[in-house]
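Peer 1: If it helps, the file is called model-v4.txt and holds compact mmCIF, C-alpha atoms:
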# COMPACT_ATOMS: atom_id res chain seq x y z
CA MET A 1 0.00 0.00 0.00
CA PRO A 2 1.44 3.44 -0.93
CA LYS A 3 2.59 5.54 2.00
CA GLY A 4 0.35 8.44 1.01
CA LEU A 5 -2.71 6.17 1.09
CA GLN A 6 -1.66 4.80 4.48
CA ILE A 7 -1.48 8.32 5.92
CA THR A 8 -4.85 9.18 4.34
CA LEU A 9 -6.46 6.18 6.04
CA LEU A 10 -4.58 6.70 9.30
CA LEU A 11 -5.65 10.29 9.97
CA PRO A 12 -9.42 9.55 10.24
CA GLY A 13 -8.62 6.61 12.52
CA ILE A 14 -6.54 8.81 14.82
CA LEU A 15 -9.28 11.45 14.91
CA LEU A 16 -11.90 8.82 15.76
CA PHE A 17 -9.71 7.41 18.53
CA VAL A 18 -9.20 10.87 20.07
CA LEU A 19 -12.93 11.62 19.92
CA LEU A 20 -13.77 8.33 21.64
CA PHE A 21 -10.94 8.59 24.17
CA GLY A 22 -11.90 12.12 25.19
CA MET A 23 -15.53 11.18 25.90
CA PHE A 24 -14.81 8.63 28.67
CA PRO A 25 -15.12 11.14 31.56
CA VAL A 26 -18.62 11.79 30.20
CA VAL A 27 -19.44 8.10 29.74
CA LEU A 28 -18.23 6.99 33.18
CA GLN A 29 -20.66 8.24 35.80
CA ALA A 30 -20.23 7.59 39.53
CA ASP A 31 -23.21 7.34 41.87
CA HIS A 32 -22.75 10.04 44.52
CA PHE A 33 -24.37 7.89 47.25
CA GLU A 34 -23.27 4.31 46.51
CA GLY A 35 -20.11 5.08 44.52
CA ALA A 36 -21.03 2.57 41.80
CA LEU A 37 -19.97 3.27 38.21
CA SER A 38 -22.48 3.45 35.39
CA PHE A 39 -22.01 4.00 31.67
CA ASN A 40 -23.72 6.90 29.94
CA TRP A 41 -22.97 6.02 26.31
CA SER A 42 -25.68 8.25 24.90
CA GLY A 43 -24.22 11.25 26.71
CA GLY A 44 -20.77 10.44 25.38
CA PHE A 45 -21.86 10.18 21.74
CA SER A 46 -24.00 13.32 22.03
CA THR A 47 -20.87 15.13 23.25
CA ILE A 48 -19.06 14.06 20.11
CA GLY A 49 -21.98 15.32 18.02
CA GLU A 50 -21.91 18.68 19.79
CA TYR A 51 -18.19 18.95 19.19
CA MET A 52 -18.57 18.25 15.46
CA LYS A 53 -21.33 20.86 15.19
CA GLY A 54 -19.25 23.33 17.16
CA ILE A 55 -16.42 23.10 14.64
CA TRP A 56 -18.47 25.00 12.06
CA SER A 57 -19.77 27.59 14.54
CA GLY A 58 -16.39 27.96 16.29
CA GLN A 59 -17.83 27.04 19.69
CA SER A 60 -15.60 23.95 19.89
CA PHE A 61 -12.60 26.26 20.06
CA HIS A 62 -13.70 28.15 23.15
CA TYR A 63 -13.14 27.04 26.73
CA LEU A 64 -13.52 28.32 30.27
CA SER A 65 -10.62 29.07 32.60
CA GLY A 66 -12.41 29.49 35.88
CA LYS A 67 -15.37 31.60 34.80
CA THR A 68 -13.55 33.44 32.01
CA GLU A 69 -14.05 32.29 28.43
CA HIS A 70 -10.99 32.08 26.21
CA SER A 71 -10.35 31.27 22.58
CA PHE A 72 -8.33 28.08 22.14
CA TRP A 73 -6.52 29.58 19.13
CA ASP A 74 -5.46 32.64 21.12
CA GLN A 75 -3.97 30.56 23.96
CA ILE A 76 -2.54 27.49 22.22
CA GLY A 77 0.23 29.37 20.37
CA SER A 78 2.27 30.24 23.47
CA SER A 79 1.57 26.85 25.09
CA PHE A 80 2.60 25.04 21.90
CA SER A 81 5.87 26.98 21.66
CA VAL A 82 6.77 26.22 25.30
CA THR A 83 6.18 22.48 24.97
CA PHE A 84 7.79 22.36 21.52
CA PHE A 85 10.95 24.09 22.76
CA TYR A 86 11.57 21.80 25.72
CA ILE A 87 10.55 18.60 23.97
CA THR A 88 12.55 19.30 20.80
CA VAL A 89 15.75 20.45 22.48
CA GLY A 90 15.53 17.77 25.16
CA GLY A 91 14.73 15.05 22.63
CA ILE A 92 17.51 15.88 20.15
CA ILE A 93 20.22 16.47 22.75
CA GLY A 94 19.02 13.53 24.85
CA ALA A 95 19.09 11.17 21.85
CA THR A 96 22.52 12.40 20.72
CA LEU A 97 24.07 12.15 24.18
CA GLY A 98 22.32 8.83 24.71
CA VAL A 99 23.91 7.32 21.60
CA LEU A 100 27.40 8.65 22.36
CA LEU A 101 27.32 7.73 26.05
CA GLY A 102 25.72 4.38 25.22
CA VAL A 103 28.72 3.58 23.01
CA TYR A 104 31.05 4.68 25.79
CA PHE A 105 29.27 2.59 28.43
CA ALA A 106 29.41 -0.46 26.14
CA VAL A 107 33.21 -0.35 25.91
CA SER A 108 34.00 1.19 29.29
CA ARG A 109 35.26 -0.91 32.17
CA ILE A 110 34.35 1.65 34.84
CA LYS A 111 31.79 -0.33 36.82
CA TRP A 112 30.66 2.46 39.17
CA LEU A 113 29.39 4.49 36.22
CA LYS A 114 27.23 1.59 35.13
CA ARG A 115 25.89 1.22 38.68
CA VAL A 116 24.97 4.91 38.79
CA LEU A 117 23.14 4.48 35.49
CA GLU A 118 21.28 1.43 36.82
CA LEU A 119 20.31 3.39 39.94
CA THR A 120 18.89 6.32 37.99
CA ALA A 121 17.05 3.91 35.71
CA VAL A 122 14.86 2.66 38.58
CA LEU A 123 13.95 6.16 39.78
CA PRO A 124 10.61 7.53 38.53
CA ASP A 125 10.88 10.62 36.37
CA PHE A 126 9.18 12.90 38.88
CA VAL A 127 11.65 11.78 41.57
CA ILE A 128 14.56 12.81 39.32
CA VAL A 129 12.97 16.23 38.78
CA ILE A 130 12.37 16.72 42.53
CA LEU A 131 15.94 15.62 43.35
CA LEU A 132 17.34 18.13 40.87
CA GLN A 133 15.22 20.89 42.40
CA PHE A 134 16.26 19.83 45.91
CA LEU A 135 19.94 19.90 44.85
CA ILE A 136 19.61 23.47 43.57
CA VAL A 137 17.86 24.55 46.78
CA PHE A 138 20.49 22.80 48.92
CA ILE A 139 23.38 24.47 47.07
CA ALA A 140 21.64 27.85 47.36
CA SER A 141 21.09 27.40 51.12
CA GLU A 142 24.73 26.41 51.69
CA THR A 143 26.45 28.91 49.41
CA GLY A 144 23.86 31.63 48.87
CA PHE A 145 24.29 31.23 45.11
CA VAL A 146 21.27 30.17 43.02
CA ILE A 147 22.58 28.20 40.05
CA PHE A 148 19.24 27.76 38.25
CA ASP A 149 15.62 28.71 38.85
CA VAL A 150 13.79 25.68 40.25
CA ALA A 151 10.50 26.67 38.59
CA SER A 152 8.88 29.36 36.48
CA PHE A 153 7.33 32.02 38.68
CA SER A 154 5.87 33.98 35.76
CA THR A 155 5.68 33.87 31.98
CA ASP A 156 8.06 36.85 31.85
CA ASP A 157 10.73 35.04 33.88
CA PRO A 158 10.52 31.33 32.94
CA ALA A 159 12.88 28.66 34.23
CA ILE A 160 14.91 27.37 31.29
CA ALA A 161 18.10 25.58 32.32
CA LEU A 162 16.80 23.11 34.90
CA PRO A 163 13.74 22.02 32.85
CA LEU A 164 16.04 21.51 29.85
CA ILE A 165 18.44 19.42 31.94
CA SER A 166 15.50 17.29 33.08
CA THR A 167 14.18 16.76 29.54
CA ILE A 168 17.67 15.72 28.47
CA ILE A 169 18.49 13.39 31.37
CA ILE A 170 15.25 11.40 31.43
CA PRO A 171 15.12 10.23 27.78
CA ALA A 172 18.92 10.04 27.53
CA ASN A 173 18.91 7.51 30.37
CA TYR A 174 16.78 5.13 28.31
CA MET A 175 18.81 5.75 25.15
CA ILE A 176 22.12 5.05 26.93
CA ARG A 177 20.90 1.69 28.23
CA ASN A 178 19.39 0.75 24.88
CA VAL A 179 22.48 1.66 22.83
CA ALA A 180 24.87 0.08 25.34
CA LEU A 181 22.93 -3.20 25.20
CA HIS A 182 22.89 -3.38 21.39
CA MET A 183 26.47 -2.17 21.09
CA SER A 184 27.72 -4.81 23.54
CA HIS A 185 25.96 -7.51 21.52
CA THR A 186 27.22 -6.13 18.19
CA LEU A 187 30.84 -6.07 19.36
CA THR A 188 30.72 -9.86 19.80
CA GLU A 189 29.74 -10.49 16.15
CA ASP A 190 32.12 -12.33 13.79
CA TYR A 191 32.60 -9.39 11.42
CA ILE A 192 33.83 -7.29 14.35
CA ASN A 193 36.37 -9.98 15.24
CA PHE A 194 37.41 -10.07 11.58
CA ALA A 195 37.92 -6.30 11.60
CA LYS A 196 40.08 -6.63 14.72
CA ALA A 197 42.10 -9.38 13.04
CA ARG A 198 42.80 -7.03 10.13
CA GLY A 199 44.38 -4.59 12.56
CA LEU A 200 41.76 -1.86 12.31
CA GLY A 201 41.71 0.66 15.15
CA LYS A 202 39.24 0.33 18.02
CA ARG A 203 37.62 3.70 17.41
CA TYR A 204 37.27 3.01 13.68
CA ILE A 205 35.64 -0.38 14.36
CA ILE A 206 33.19 1.12 16.85
CA PHE A 207 32.02 4.07 14.74
CA TYR A 208 32.28 2.64 11.22
CA HIS A 209 31.48 -1.04 11.75
CA ALA A 210 29.49 -1.48 14.96
CA LEU A 211 27.53 1.78 15.25
CA PRO A 212 25.95 1.60 11.74
CA ASN A 213 24.39 -1.71 12.81
CA VAL A 214 23.18 -0.27 16.11
CA LEU A 215 21.45 2.82 14.70
CA PRO A 216 18.66 0.76 13.02
CA PHE A 217 17.75 -0.56 16.50
CA VAL A 218 17.72 3.02 17.77
CA LYS A 219 15.39 4.02 14.94
CA ALA A 220 13.13 1.04 15.64
CA ASP A 221 12.89 1.98 19.35
CA LEU A 222 12.26 5.65 18.61
CA HIS A 223 8.57 5.34 19.53
CA LYS A 224 9.55 4.05 22.99
CA PHE A 225 11.96 6.96 23.33
CA MET A 226 9.17 9.34 22.35
CA GLY A 227 6.81 7.61 24.77
CA ILE A 228 9.22 8.34 27.63
CA LEU A 229 9.68 11.91 26.43
CA PHE A 230 5.94 12.58 26.23
CA GLY A 231 4.74 10.16 28.92
CA ASN A 232 5.46 12.38 31.90
CA LEU A 233 5.03 15.70 30.13
CA PHE A 234 2.24 16.83 32.47
CA ILE A 235 4.28 16.00 35.60
CA PHE A 236 7.28 17.79 34.11
CA GLU A 237 5.31 20.93 33.19
CA TYR A 238 3.48 20.90 36.53
CA LEU A 239 6.60 20.59 38.71
CA PHE A 240 8.40 23.36 36.82
CA ASN A 241 5.22 25.44 36.43
CA LEU A 242 5.61 25.67 32.67
CA GLY A 243 2.69 26.98 30.65
CA GLY A 244 2.75 24.18 28.11
CA VAL A 245 0.01 22.28 26.32
CA THR A 246 -0.62 19.75 29.08
CA MET A 247 -0.88 22.47 31.72
CA LEU A 248 -3.40 24.29 29.53
CA VAL A 249 -5.50 21.15 29.11
CA PHE A 250 -5.37 19.50 32.52
CA SER A 251 -5.70 22.69 34.56
CA ASN A 252 -8.87 23.62 32.66
CA ALA A 253 -10.33 20.23 31.69
CA PHE A 254 -12.89 20.50 34.48
CA ALA A 255 -14.35 24.00 34.73
CA PHE A 256 -16.85 25.13 37.34
CA ASP A 257 -19.71 23.91 35.13
CA GLY A 258 -18.23 20.50 34.30
CA TYR A 259 -16.00 18.61 31.88
CA GLN A 260 -14.75 20.55 28.84
CA TYR A 261 -14.70 17.88 26.15
CA SER A 262 -13.70 20.20 23.29
CA LEU A 263 -10.63 21.51 25.14
CA VAL A 264 -9.42 17.98 25.89
CA VAL A 265 -9.87 16.83 22.27
CA ASN A 266 -8.12 19.93 20.91
CA GLY A 267 -5.29 19.49 23.42
CA ILE A 268 -4.76 15.82 22.56
CA LEU A 269 -4.71 16.61 18.84
CA THR A 270 -2.12 19.33 19.52
CA LEU A 271 0.05 16.84 21.43
CA LEU A 272 -0.23 14.35 18.57
CA LEU A 273 0.90 17.06 16.16
CA LEU A 274 3.85 17.79 18.43
CA TYR A 275 4.64 14.07 18.57
CA ALA A 276 4.67 13.80 14.78
CA ILE A 277 6.92 16.85 14.36
CA VAL A 278 9.47 15.82 16.99
CA TYR A 279 9.46 12.19 15.82
CA SER A 280 10.19 13.31 12.24
CA MET A 281 13.02 15.55 13.44
CA LEU A 282 14.64 12.74 15.42
CA ARG A 283 14.39 10.39 12.44
CA LEU A 284 16.13 13.02 10.32
CA VAL A 285 18.90 13.30 12.93
CA ILE A 286 19.45 9.53 12.92
CA TYR A 287 19.25 9.42 9.12
CA GLY A 288 21.89 12.15 8.92
CA ALA A 289 24.12 10.26 11.35
CA GLU A 290 23.81 7.12 9.21
CA LYS A 291 24.79 9.05 6.08
CA VAL A 292 27.82 10.58 7.78
CA ILE A 293 29.01 7.20 9.11
CA VAL A 294 28.52 5.41 5.79
CA ARG A 295 30.63 8.04 4.04
For this file, write the structure as structure tokens.
Peer 2:
Amino acid sequence: MPKGLQITLLLPGILLFVLLFGMFPVVLQADHFEGALSFNWSGGFSTIGEYMKGIWSGQSFHYLSGKTEHSFWDQIGSSFSVTFFYITVGGIIGATLGVLLGVYFAVSRIKWLKRVLELTAVLPDFVIVILLQFLIVFIASETGFVIFDVASFSTDDPAIALPLISTIIIPANYMIRNVALHMSHTLTEDYINFAKARGLGKRYIIFYHALPNVLPFVKADLHKFMGILFGNLFIFEYLFNLGGVTMLVFSNAFAFDGYQYSLVVNGILTLLLLYAIVYSMLRLVIYGAEKVIVR
């Protein structure tokens, strides 16, 4: 099947999935007295119908923040740029460092570095973020010098360095372990032993024989990498008080008059667009690295 046709068929399926996924808070109803769950399917499907009608009138692109009505198009631009900046920079630098450090960890004999990596691998992402913030506060209390802002206190003075470090460390941790595993396995292959027998240098063998056969595994696991990058996006934006897409959606999903279905659907579609853009950029980075190595 041609790729263009696949994309044409995929887009309606994604839209249908988002519409159905977003309606579940409407479908699932809890009894206030007994606490039992009931399913209000008619209410869920009517919500989808109202959303589709609201597209033409523009009502589907309005939401309430508290009791104030806002236009989704007026607010999403700044939120999109915030999330796009941190996710893109963190993803590209995290993937690049992950590949390079993964190669180093595969050939290094320094065991304590590997143990530190294994320790950080078992820590949840939000714990890593809190530990980084605690470290900055501890250094500031001991020395009186604030290295980085621990959170954004206003849109005019956003925290940049520490959130970027967090978005780099968390996905890079997965990439390092993934690359180190595949690199260690690749270095035991017969063609690597043959290259060693020919007297080729260690660095040349690693980067021009082993790494080209590891990068396809990196490309295949890119969706997992993206899942880690996007999986805790709300926690990340919440802890650093960043006005990104997830903060816009989750802080306003339930207004004073109930669940805002249109805002949730629009927010999820925006995140999917972000996912597609960042995923394409990372594939281009890996593709460029393959071309450079092959040459």
Peer 1: Mind giving me the straight-line distance from atom CA of A:Ile286 to atom CA of A:Pro12 in Å, one decimal?
Peer 2: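 Distance reported for this atom pair: 29.0 Å.
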Peer 1: What is the atom CA of A:Leu162-atom CA of A:Ile87 distance in Å, reported with one decimal?
Peer 2: 13.4 Å
Peer 1: Quick one: distance from atom CA of A:Pro158 to atom CA of A:Met247 in Å, one decimal?
Peer 2: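 Computed distance, atom CA of A:Pro158 to atom CA of A:Met247, equals 14.5 Å.
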Peer 1: Could you tell me which of A:Val18, A:Leu200, A:Leu37, A:Ile130 comes closest to A:Phe236 if we count only C-alpha atoms?
Peer 2: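 Looking at the shortest contact to A:Phe236, the residue is A:Ile130.
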Peer 1: Which residues, written as a list in words, have at least one atom at most 8 Å from A:Thr167, with all atoms listed in the file counted and residues fewer than 5 positions away on the same chain left out?
Peer 2: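 Close residues of A:Thr167: Tyr86, Ile87, Gly90, Gly91, Gly94 and Leu229 of chain A.
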Peer 1: Residues proximal to (22.2, 4.8, 33.0) were defined as those with any atom within 7 Å of that point in the file's coordinates, counting all atoms listed in the file. Which are they, as a VMD selection string?
Peer 2: chain A and resid 114 116 to 118 120 to 121 173 176 to 177
